[in-house]
Amino acid sequence: MERVFISRLKPFLDAVAGKMDLYIPHQVGDHVVCKRYDPEASAEVEFNEIRMCTPVKEFLFPLRELAAVFPEPVEPEEVKPFAVFGLKACDLRSIEILDKVFTDEDFKDPSYVARREAMFTISSDCSAPGESCFCNILEGKPYPESGFDLNVSAVPDGFIIQAGSSKGRNLLFTHAALFGDVPDALLAERKRLRTEAQRQLAEKNAEFRLDAPVREIVEGRYDSDVFDEVARTCVECQACTRVCPTCHCFYLYDTKRKDYFAKTKMWDSCMRAGYAEVAGGANPRRVLGDRLRHRLMHKFAYFLDRYGIDMCVGCGRCVDAEAGDVDIRVVLKKLNDELADRNSKVAKAAQ
Amino acid sequence: MTANIYQPINGEVVEIIEESPTIKSFVIRPEAQFKFDTGQFVELTLPGEGEAPFTPSSSPAVTEQMEITIMKAGRVTGLLHECRKGQPVGIRGPYGKGYPIDEFAGKEIYIVGGGVGLAPIRSLFLTLVDRIDDFKSVVCRFGARTPADFIYKETLFGQWQKLKGVQMKLTVDRANGDWDGHVGVVTTILDRKDVDIDNAVAVVCGPPIMMKFATVTLLEFGFDPKSIYLSMEKNMSCGVGKCGHCMLGRYYVCKDGPVFTYEQISKYPKIWD
């Protein structure tokens with residue numbers, strides 16, 4: 001079964017929750033976070049218009065986790081299958097990015113691999129862009145095309161559920177009685193809604209449009225003063241790296257327990273002043289502007305060189321979260337304009 | 001089941017050698033044979049306290065035990081200096097790329113080292129000496145702050161000076177006691193006639209400021225940036241190119257290094273900081 005129709009989300013999600021733990025979007029104040037689904041407690045399930053606040057990395061690479069126990073190694077606890085509903089195209093792209101890092105052929109991170117295999121992804125279309133969404137600037141779309149097990153599109157009077165993997169197809173097949181066929185008219189309507197979401201996104205982000213590939217921009221303006229300038233409005237809260245679905249810096253620390261020693265893996269942030277400091281006190285990125293430059297270079301040039309994909313999905317979480325006033329869209333635009341300005345001067349001089 | 005890349009193998013400190021007032025060598029016997037290439041590094045764990053990256057200073061030909069020479073520089077190294085024989089430790093690795101010694105065959109090898117930077121150099125030196133006929137010559141220029149600050153004194157002042165195919169010159173920043181050798185920073189004993197630059201590679205390891213000036217001097221002599229090998233000190237943590245701490249421009253020092261040619265890293269700012 002490739003594609004089905006259902007008029008309400010609850011029966012579908014109850015079916016998923018009958019097989020595994022399910023996490024769903026949940027509105028808290030202005031934000032949508034992810035919480036465990038309780039079929040008894042929920043009369044209906046919220047459909048999040050845009051990505052949740054919670055970055056999907058929390059499910060695959062938790063804030064803090066046990067990395068090793070010694071001297072006697074311990075088999076890690078088995079990860080039970082779980083599903084997340086409400087992921088968006090940008091979230092799926094962030095999983096693709098994290099996969100590159102943690103399932104890299106040289107060194108696979110065992111805990112990430114286990115969680116990734118246990119995860120069932122249920123994504124959905126974005127109905128309208130949020131305030132900080134800018135996936136289109138980075139060639140993203142407001143609806144998923146691949147990388148999901150199932151994808152849900154809201155259409156008039158119900159939802160189209162599309163399978164994207166054999167796991168997804170099996171689930172639809174097992175619960176075939178819940179679903180109806182998708183009439184062609186609804187497919188056409190899904191297409192119209194998607195095009196409309198794209199149009200709104202393009203309109204909203206017109207002012208941030210870039211004239212060259214992002215790598216060219218950040219590499220071309222590597223020496224720019226913009227990094228030091230924007231650093232003046234950064235308060236070093238590190239929120240950008242915490243909520244970023246692709247940032248994956250971590251540190252390992254050692255602790256002594258009652259009868260064993262443990263190595264724990266915990267999120268770190270390249271925006272932290274002491275992040276690159278060595279024991280003797282040397283620190284190549286003591287200056288905040290240098291750290292901002294490094295973060296952008298890593299996202300748009302270094303990662304691309306190594307893995308063939310940008311390390312930013314344009315979700316805009318960093319724009320919403322940070323306590324200072326650094327807007328990655330504005331930084332990229334400033335660098336873009338500087339580069340365009342320089343290129344036009346070079347062209348004039350050549351005439 | 002995926003093997004755990006963060007799991008250390010157990011080991012024990014079997015001997016501690018006082019090298020200088022601030023530097024000790026720890027002879028470590030791992031539970032199982034441990035192989036590495038010269039110039040690669042390991043993550044040494046002091047259980048319950050922390051982990052830090054070090055390049056073994058012993059020959060890779062020895063796999064039953066390894067030596068790690070450690071300067072007291074921070075929290076973990078300070079605690080390591082308080083350890084005694086029998087201390088259990090953990091070892092992860094080996095990680096990264098070491099010295100490409102096969103590419104050095106037939107060439108003169110110009111080794112410039114300073115202070116605790118002689119630790120990785122000792123491993124390289126022992127590896128080269130084992131197959132000395134493969135190289136045209138091994139020319140060493142080592143420095144320390146004072147005579148007491150030299151590590152591996154016994155072999156450095158004795159046996160190593162007499163090895164076939166090896167030329168060695170030492171210097172100290174400040175002389176004292178019965179030192180009758182050269183006085184001055186290590187760059188003052190470098191001479192463009194020391195080696196045939198067109199058929200030589202240079203290896204530099206030491207404190208960042210020394211590496212900077214040595215590299216500048218070598219470039220002035222006419223060394224190709226591709227032929228200058230630098231051992232970069234960064235705060236490698238995971239060792240496998242994921243955690244991000246040791247990034248130097250696009251490189252993960254832990255995975256792509258720690259040995260780099262100057263050509264690879266020269267375009268990045270503040271490489272010596």
# chains A, B, ... in the order shown; residues from 1 in each chain; ligands from 1
>>> residues_around(residues="Val235 in chain A", least_positions_apart="2", cutoff="8 Å", atoms="only C-alpha atoms", output="number ranges by chain")
A: 232-233, 237, 323-324
>>> write_last_selection(atoms="C-alpha atoms", output="tab-separated table (two decimals), in the first residue's frame")
chain	number	residue	atom	x	y	z
A	232	ARG	CA	28.78	41.95	19.21
A	233	THR	CA	25.11	40.98	19.37
A	237	CYS	CA	24.00	31.51	25.34
A	323	ALA	CA	18.88	35.17	23.53
A	324	GLY	CA	21.03	37.65	21.59
>>> select_by_dssp(residues="range 44-161 of chain B", states="strand (DSSP E or B)", output="PyMOL selection string")
chain B and resi 44-46+50-54+66-71+88-95+97+108-114+137-144
>>> closest_residue(among="B:Val253, B:Ile209, B:Ile228, B:Val76", to="Asp273 in chain B", atoms="only C-alpha atoms")
B:Ile209
>>> interface_residues(of="chain A", to="chain B", cutoff="9 Å", atoms="only C-alpha atoms", output="PDB file with N, CA and C atoms, in the first residue's frame")
ATOM      1  N   ALA A  67      28.403   6.246  27.439  1.00  0.00           N
ATOM      2  CA  ALA A  67      29.123   5.827  26.227  1.00  0.00           C
ATOM      3  C   ALA A  67      29.874   4.521  26.460  1.00  0.00           C
ATOM      4  N   ALA A  68      30.396   4.343  27.670  1.00  0.00           N
ATOM      5  CA  ALA A  68      31.136   3.104  27.956  1.00  0.00           C
ATOM      6  C   ALA A  68      31.227   2.899  29.455  1.00  0.00           C
ATOM      7  N   VAL A  69      31.298   1.645  29.843  1.00  0.00           N
ATOM      8  CA  VAL A  69      31.498   1.262  31.239  1.00  0.00           C
ATOM      9  C   VAL A  69      32.733   0.381  31.268  1.00  0.00           C
ATOM     10  N   PHE A  70      33.591   0.592  32.247  1.00  0.00           N
ATOM     11  CA  PHE A  70      34.784  -0.233  32.356  1.00  0.00           C
ATOM     12  C   PHE A  70      35.234  -0.266  33.813  1.00  0.00           C
ATOM     13  N   PRO A  71      36.106  -1.149  34.264  1.00  0.00           N
ATOM     14  CA  PRO A  71      36.893  -2.088  33.447  1.00  0.00           C
ATOM     15  C   PRO A  71      36.075  -3.218  32.820  1.00  0.00           C
ATOM     16  N   GLU A  72      34.941  -3.588  33.389  1.00  0.00           N
ATOM     17  CA  GLU A  72      34.133  -4.646  32.771  1.00  0.00           C
ATOM     18  C   GLU A  72      33.098  -4.004  31.852  1.00  0.00           C
ATOM     19  N   PRO A  73      33.182  -4.213  30.528  1.00  0.00           N
ATOM     20  CA  PRO A  73      32.188  -3.603  29.644  1.00  0.00           C
ATOM     21  C   PRO A  73      30.793  -4.164  29.921  1.00  0.00           C
ATOM     22  N   VAL A 101      27.364  11.435   9.981  1.00  0.00           N
ATOM     23  CA  VAL A 101      28.371  11.538  11.039  1.00  0.00           C
ATOM     24  C   VAL A 101      28.455  10.251  11.854  1.00  0.00           C
ATOM     25  N   PHE A 102      27.294   9.778  12.298  1.00  0.00           N
ATOM     26  CA  PHE A 102      27.320   8.715  13.309  1.00  0.00           C
ATOM     27  C   PHE A 102      27.260   7.300  12.732  1.00  0.00           C
ATOM     28  N   ASP A 106      33.819   4.439   8.717  1.00  0.00           N
ATOM     29  CA  ASP A 106      35.007   4.147   9.534  1.00  0.00           C
ATOM     30  C   ASP A 106      34.639   3.845  10.983  1.00  0.00           C
ATOM     31  N   PHE A 107      33.807   4.704  11.545  1.00  0.00           N
ATOM     32  CA  PHE A 107      33.487   4.581  12.964  1.00  0.00           C
ATOM     33  C   PHE A 107      31.995   4.773  13.171  1.00  0.00           C
ATOM     34  N   LYS A 108      31.307   3.699  13.483  1.00  0.00           N
ATOM     35  CA  LYS A 108      29.865   3.812  13.740  1.00  0.00           C
ATOM     36  C   LYS A 108      29.651   4.013  15.233  1.00  0.00           C
ATOM     37  N   ASP A 109      28.779   4.954  15.576  1.00  0.00           N
ATOM     38  CA  ASP A 109      28.446   5.182  16.978  1.00  0.00           C
ATOM     39  C   ASP A 109      27.362   4.156  17.351  1.00  0.00           C
ATOM     40  N   PRO A 110      27.674   3.234  18.259  1.00  0.00           N
ATOM     41  CA  PRO A 110      26.760   2.106  18.481  1.00  0.00           C
ATOM     42  C   PRO A 110      25.386   2.532  18.986  1.00  0.00           C
ATOM     43  N   SER A 111      25.360   3.546  19.850  1.00  0.00           N
ATOM     44  CA  SER A 111      24.085   3.936  20.415  1.00  0.00           C
ATOM     45  C   SER A 111      23.218   4.635  19.360  1.00  0.00           C
ATOM     46  N   VAL A 113      23.363   4.128  16.137  1.00  0.00           N
ATOM     47  CA  VAL A 113      22.922   3.109  15.184  1.00  0.00           C
ATOM     48  C   VAL A 113      21.709   2.358  15.743  1.00  0.00           C
ATOM     49  N   ALA A 114      21.769   2.024  17.042  1.00  0.00           N
ATOM     50  CA  ALA A 114      20.668   1.276  17.655  1.00  0.00           C
ATOM     51  C   ALA A 114      19.378   2.110  17.669  1.00  0.00           C
ATOM     52  N   HIS A 248      26.204  18.622  16.324  1.00  0.00           N
ATOM     53  CA  HIS A 248      26.378  17.334  16.989  1.00  0.00           C
ATOM     54  C   HIS A 248      27.664  17.269  17.798  1.00  0.00           C
ATOM     55  N   CYS A 249      28.218  18.423  18.160  1.00  0.00           N
ATOM     56  CA  CYS A 249      29.413  18.416  18.996  1.00  0.00           C
ATOM     57  C   CYS A 249      29.082  17.774  20.346  1.00  0.00           C
ATOM     58  N   PHE A 250      30.031  17.048  20.863  1.00  0.00           N
ATOM     59  CA  PHE A 250      29.818  16.482  22.193  1.00  0.00           C
ATOM     60  C   PHE A 250      31.145  16.362  22.904  1.00  0.00           C
ATOM     61  N   TYR A 251      31.093  16.147  24.195  1.00  0.00           N
ATOM     62  CA  TYR A 251      32.331  15.809  24.888  1.00  0.00           C
ATOM     63  C   TYR A 251      32.114  14.555  25.718  1.00  0.00           C
ATOM     64  N   LEU A 252      33.234  13.919  25.992  1.00  0.00           N
ATOM     65  CA  LEU A 252      33.200  12.693  26.780  1.00  0.00           C
ATOM     66  C   LEU A 252      33.751  13.043  28.147  1.00  0.00           C
ATOM     67  N   TYR A 253      33.065  12.641  29.195  1.00  0.00           N
ATOM     68  CA  TYR A 253      33.646  12.860  30.523  1.00  0.00           C
ATOM     69  C   TYR A 253      33.578  11.582  31.343  1.00  0.00           C
ATOM     70  N   ASP A 254      34.489  11.515  32.284  1.00  0.00           N
ATOM     71  CA  ASP A 254      34.645  10.297  33.071  1.00  0.00           C
ATOM     72  C   ASP A 254      34.099  10.489  34.473  1.00  0.00           C
ATOM     73  N   THR A 255      33.450   9.458  34.979  1.00  0.00           N
ATOM     74  CA  THR A 255      32.976   9.513  36.360  1.00  0.00           C
ATOM     75  C   THR A 255      33.242   8.177  37.030  1.00  0.00           C
ATOM     76  N   LYS A 256      33.280   8.246  38.346  1.00  0.00           N
ATOM     77  CA  LYS A 256      33.489   7.031  39.137  1.00  0.00           C
ATOM     78  C   LYS A 256      32.144   6.692  39.772  1.00  0.00           C
ATOM     79  N   ARG A 257      31.678   5.468  39.550  1.00  0.00           N
ATOM     80  CA  ARG A 257      30.448   5.012  40.210  1.00  0.00           C
ATOM     81  C   ARG A 257      30.858   4.045  41.315  1.00  0.00           C
ATOM     82  N   TYR A 260      32.139   0.722  39.339  1.00  0.00           N
ATOM     83  CA  TYR A 260      32.648   0.757  37.967  1.00  0.00           C
ATOM     84  C   TYR A 260      32.961   2.206  37.576  1.00  0.00           C
ATOM     85  N   PHE A 261      33.619   2.337  36.438  1.00  0.00           N
ATOM     86  CA  PHE A 261      33.896   3.670  35.896  1.00  0.00           C
ATOM     87  C   PHE A 261      33.046   3.862  34.660  1.00  0.00           C
ATOM     88  N   ALA A 262      32.678   5.117  34.404  1.00  0.00           N
ATOM     89  CA  ALA A 262      31.817   5.372  33.255  1.00  0.00           C
ATOM     90  C   ALA A 262      32.372   6.508  32.411  1.00  0.00           C
ATOM     91  N   LYS A 263      32.134   6.379  31.137  1.00  0.00           N
ATOM     92  CA  LYS A 263      32.418   7.446  30.191  1.00  0.00           C
ATOM     93  C   LYS A 263      31.066   7.903  29.673  1.00  0.00           C
ATOM     94  N   TRP A 267      26.202  16.616  24.994  1.00  0.00           N
ATOM     95  CA  TRP A 267      26.256  17.674  23.992  1.00  0.00           C
ATOM     96  C   TRP A 267      27.233  18.757  24.428  1.00  0.00           C
ATOM     97  N   ASP A 268      27.958  19.268  23.463  1.00  0.00           N
ATOM     98  CA  ASP A 268      28.822  20.418  23.727  1.00  0.00           C
ATOM     99  C   ASP A 268      28.478  21.474  22.688  1.00  0.00           C
ATOM    100  N   CYS A 270      30.281  24.450  20.043  1.00  0.00           N
ATOM    101  CA  CYS A 270      31.485  25.088  19.501  1.00  0.00           C
ATOM    102  C   CYS A 270      31.456  26.595  19.753  1.00  0.00           C
ATOM    103  N   TYR A 275      35.898  25.767  24.291  1.00  0.00           N
ATOM    104  CA  TYR A 275      35.624  24.566  23.501  1.00  0.00           C
ATOM    105  C   TYR A 275      36.876  23.969  22.843  1.00  0.00           C
ATOM    106  N   ALA A 276      37.719  24.821  22.267  1.00  0.00           N
ATOM    107  CA  ALA A 276      38.877  24.310  21.518  1.00  0.00           C
ATOM    108  C   ALA A 276      40.180  24.461  22.311  1.00  0.00           C
ATOM    109  N   GLU A 277      40.056  24.837  23.583  1.00  0.00           N
ATOM    110  CA  GLU A 277      41.264  25.093  24.376  1.00  0.00           C
ATOM    111  C   GLU A 277      41.987  23.795  24.721  1.00  0.00           C
ATOM    112  N   VAL A 278      43.310  23.830  24.657  1.00  0.00           N
ATOM    113  CA  VAL A 278      44.095  22.652  25.051  1.00  0.00           C
ATOM    114  C   VAL A 278      44.644  22.856  26.456  1.00  0.00           C
ATOM    115  N   ALA A 279      45.227  21.769  27.008  1.00  0.00           N
ATOM    116  CA  ALA A 279      45.655  21.798  28.406  1.00  0.00           C
ATOM    117  C   ALA A 279      46.615  22.946  28.715  1.00  0.00           C
ATOM    118  N   GLY A 280      47.510  23.254  27.806  1.00  0.00           N
ATOM    119  CA  GLY A 280      48.470  24.327  28.072  1.00  0.00           C
ATOM    120  C   GLY A 280      47.857  25.719  28.009  1.00  0.00           C
ATOM    121  N   GLY A 281      46.592  25.826  27.578  1.00  0.00           N
ATOM    122  CA  GLY A 281      45.925  27.121  27.525  1.00  0.00           C
ATOM    123  C   GLY A 281      45.777  27.698  26.127  1.00  0.00           C
ATOM    124  N   ALA A 282      46.440  27.077  25.137  1.00  0.00           N
ATOM    125  CA  ALA A 282      46.310  27.586  23.763  1.00  0.00           C
ATOM    126  C   ALA A 282      44.869  27.391  23.288  1.00  0.00           C
ATOM    127  N   ASN A 283      44.397  28.341  22.488  1.00  0.00           N
ATOM    128  CA  ASN A 283      43.005  28.271  22.029  1.00  0.00           C
ATOM    129  C   ASN A 283      42.877  29.004  20.696  1.00  0.00           C
ATOM    130  N   PRO A 284      42.705  28.244  19.606  1.00  0.00           N
ATOM    131  CA  PRO A 284      42.651  28.888  18.294  1.00  0.00           C
ATOM    132  C   PRO A 284      41.383  29.710  18.073  1.00  0.00           C
ATOM    133  N   ARG A 285      40.348  29.493  18.869  1.00  0.00           N
ATOM    134  CA  ARG A 285      39.110  30.249  18.668  1.00  0.00           C
ATOM    135  C   ARG A 285      38.660  30.911  19.968  1.00  0.00           C
ATOM    136  N   HIS A 294      33.780  29.835  12.342  1.00  0.00           N
ATOM    137  CA  HIS A 294      34.020  28.394  12.281  1.00  0.00           C
ATOM    138  C   HIS A 294      32.695  27.634  12.172  1.00  0.00           C
ATOM    139  N   MET A 297      31.387  28.089   8.653  1.00  0.00           N
ATOM    140  CA  MET A 297      32.239  27.379   7.696  1.00  0.00           C
ATOM    141  C   MET A 297      31.999  25.871   7.808  1.00  0.00           C
ATOM    142  N   HIS A 298      31.862  25.413   9.044  1.00  0.00           N
ATOM    143  CA  HIS A 298      31.613  23.976   9.235  1.00  0.00           C
ATOM    144  C   HIS A 298      30.302  23.589   8.559  1.00  0.00           C
ATOM    145  N   ALA A 301      30.672  24.739   4.408  1.00  0.00           N
ATOM    146  CA  ALA A 301      31.808  24.387   3.550  1.00  0.00           C
ATOM    147  C   ALA A 301      32.461  23.071   3.976  1.00  0.00           C
ATOM    148  N   TYR A 302      32.924  23.002   5.235  1.00  0.00           N
ATOM    149  CA  TYR A 302      33.692  21.824   5.640  1.00  0.00           C
ATOM    150  C   TYR A 302      32.856  20.545   5.581  1.00  0.00           C
ATOM    151  N   PHE A 303      31.623  20.625   6.069  1.00  0.00           N
ATOM    152  CA  PHE A 303      30.772  19.436   6.102  1.00  0.00           C
ATOM    153  C   PHE A 303      30.427  18.985   4.683  1.00  0.00           C
ATOM    154  N   ASP A 305      32.245  19.479   2.036  1.00  0.00           N
ATOM    155  CA  ASP A 305      33.446  18.853   1.468  1.00  0.00           C
ATOM    156  C   ASP A 305      33.520  17.383   1.846  1.00  0.00           C
ATOM    157  N   ARG A 306      33.233  17.106   3.097  1.00  0.00           N
ATOM    158  CA  ARG A 306      33.440  15.763   3.619  1.00  0.00           C
ATOM    159  C   ARG A 306      32.299  14.811   3.262  1.00  0.00           C
TER     160      ARG A 306
END
>>> residues_around(residues="Cys244 in chain A", least_positions_apart="3", cutoff="8 Å", atoms="only C-alpha atoms", output="PyMOL selection string")
chain A and resi 55+240-241+247+317-318
>>> atom_distance(atom1="CA of Asn343 in chain A", atom2="CA of Glu219 in chain A")
13.6 Å
>>> closest_residue(among="B:Phe150, B:Tyr262, B:Tyr252, B:Phe125", to="Asp224 in chain B", atoms="only C-alpha atoms")
B:Tyr262
>>> select_by_dssp(residues="range 164-208 of chain A", states="helix (DSSP H, G or I)", output="MDAnalysis selection string")
chainID A and resid 166:174 176:178 184:204 206:208
>>> atom_distance(atom1="CA of Leu126 in chain B", atom2="CA of Ser59 in chain B")
5.7 Å
>>> closest_residue(among="B:Leu79, B:Ala175, B:Cys254, B:Ala61", to="Gly96 in chain B", atoms="only C-alpha atoms")
B:Cys254
>>> residues_around(residues="Met168 in chain B", least_positions_apart="4", cutoff="12 Å", atoms="only C-alpha atoms", output="list in words")
Ile109, Tyr110, Ile111, Val112, Gly113, Phe125, Ser137, Val138, Val139, Cys140, Arg141, Phe142, Gly143, Thr155, Leu156, Phe157, Gly158, Gln159, Trp160, Gln161, Lys162, Leu163, Lys164, Gly181, Ile189, Leu190 and Asp194 of chain B
>>> closest_residue(among="B:Ala105, B:Ile151, B:Ala214, B:Leu118", to="Ala200 in chain B", atoms="only C-alpha atoms")
B:Ala105
>>> residues_around(residues="Pro142 in chain A", least_positions_apart="6", cutoff="8 Å", atoms="only C-alpha atoms", output="PyMOL selection string")
chain A and resi 88-90+125-127+129+135-136+194+197-198
>>> atom_distance(atom1="CA of Thr69 in chain B", atom2="CA of Val27 in chain B")
8.7 Å
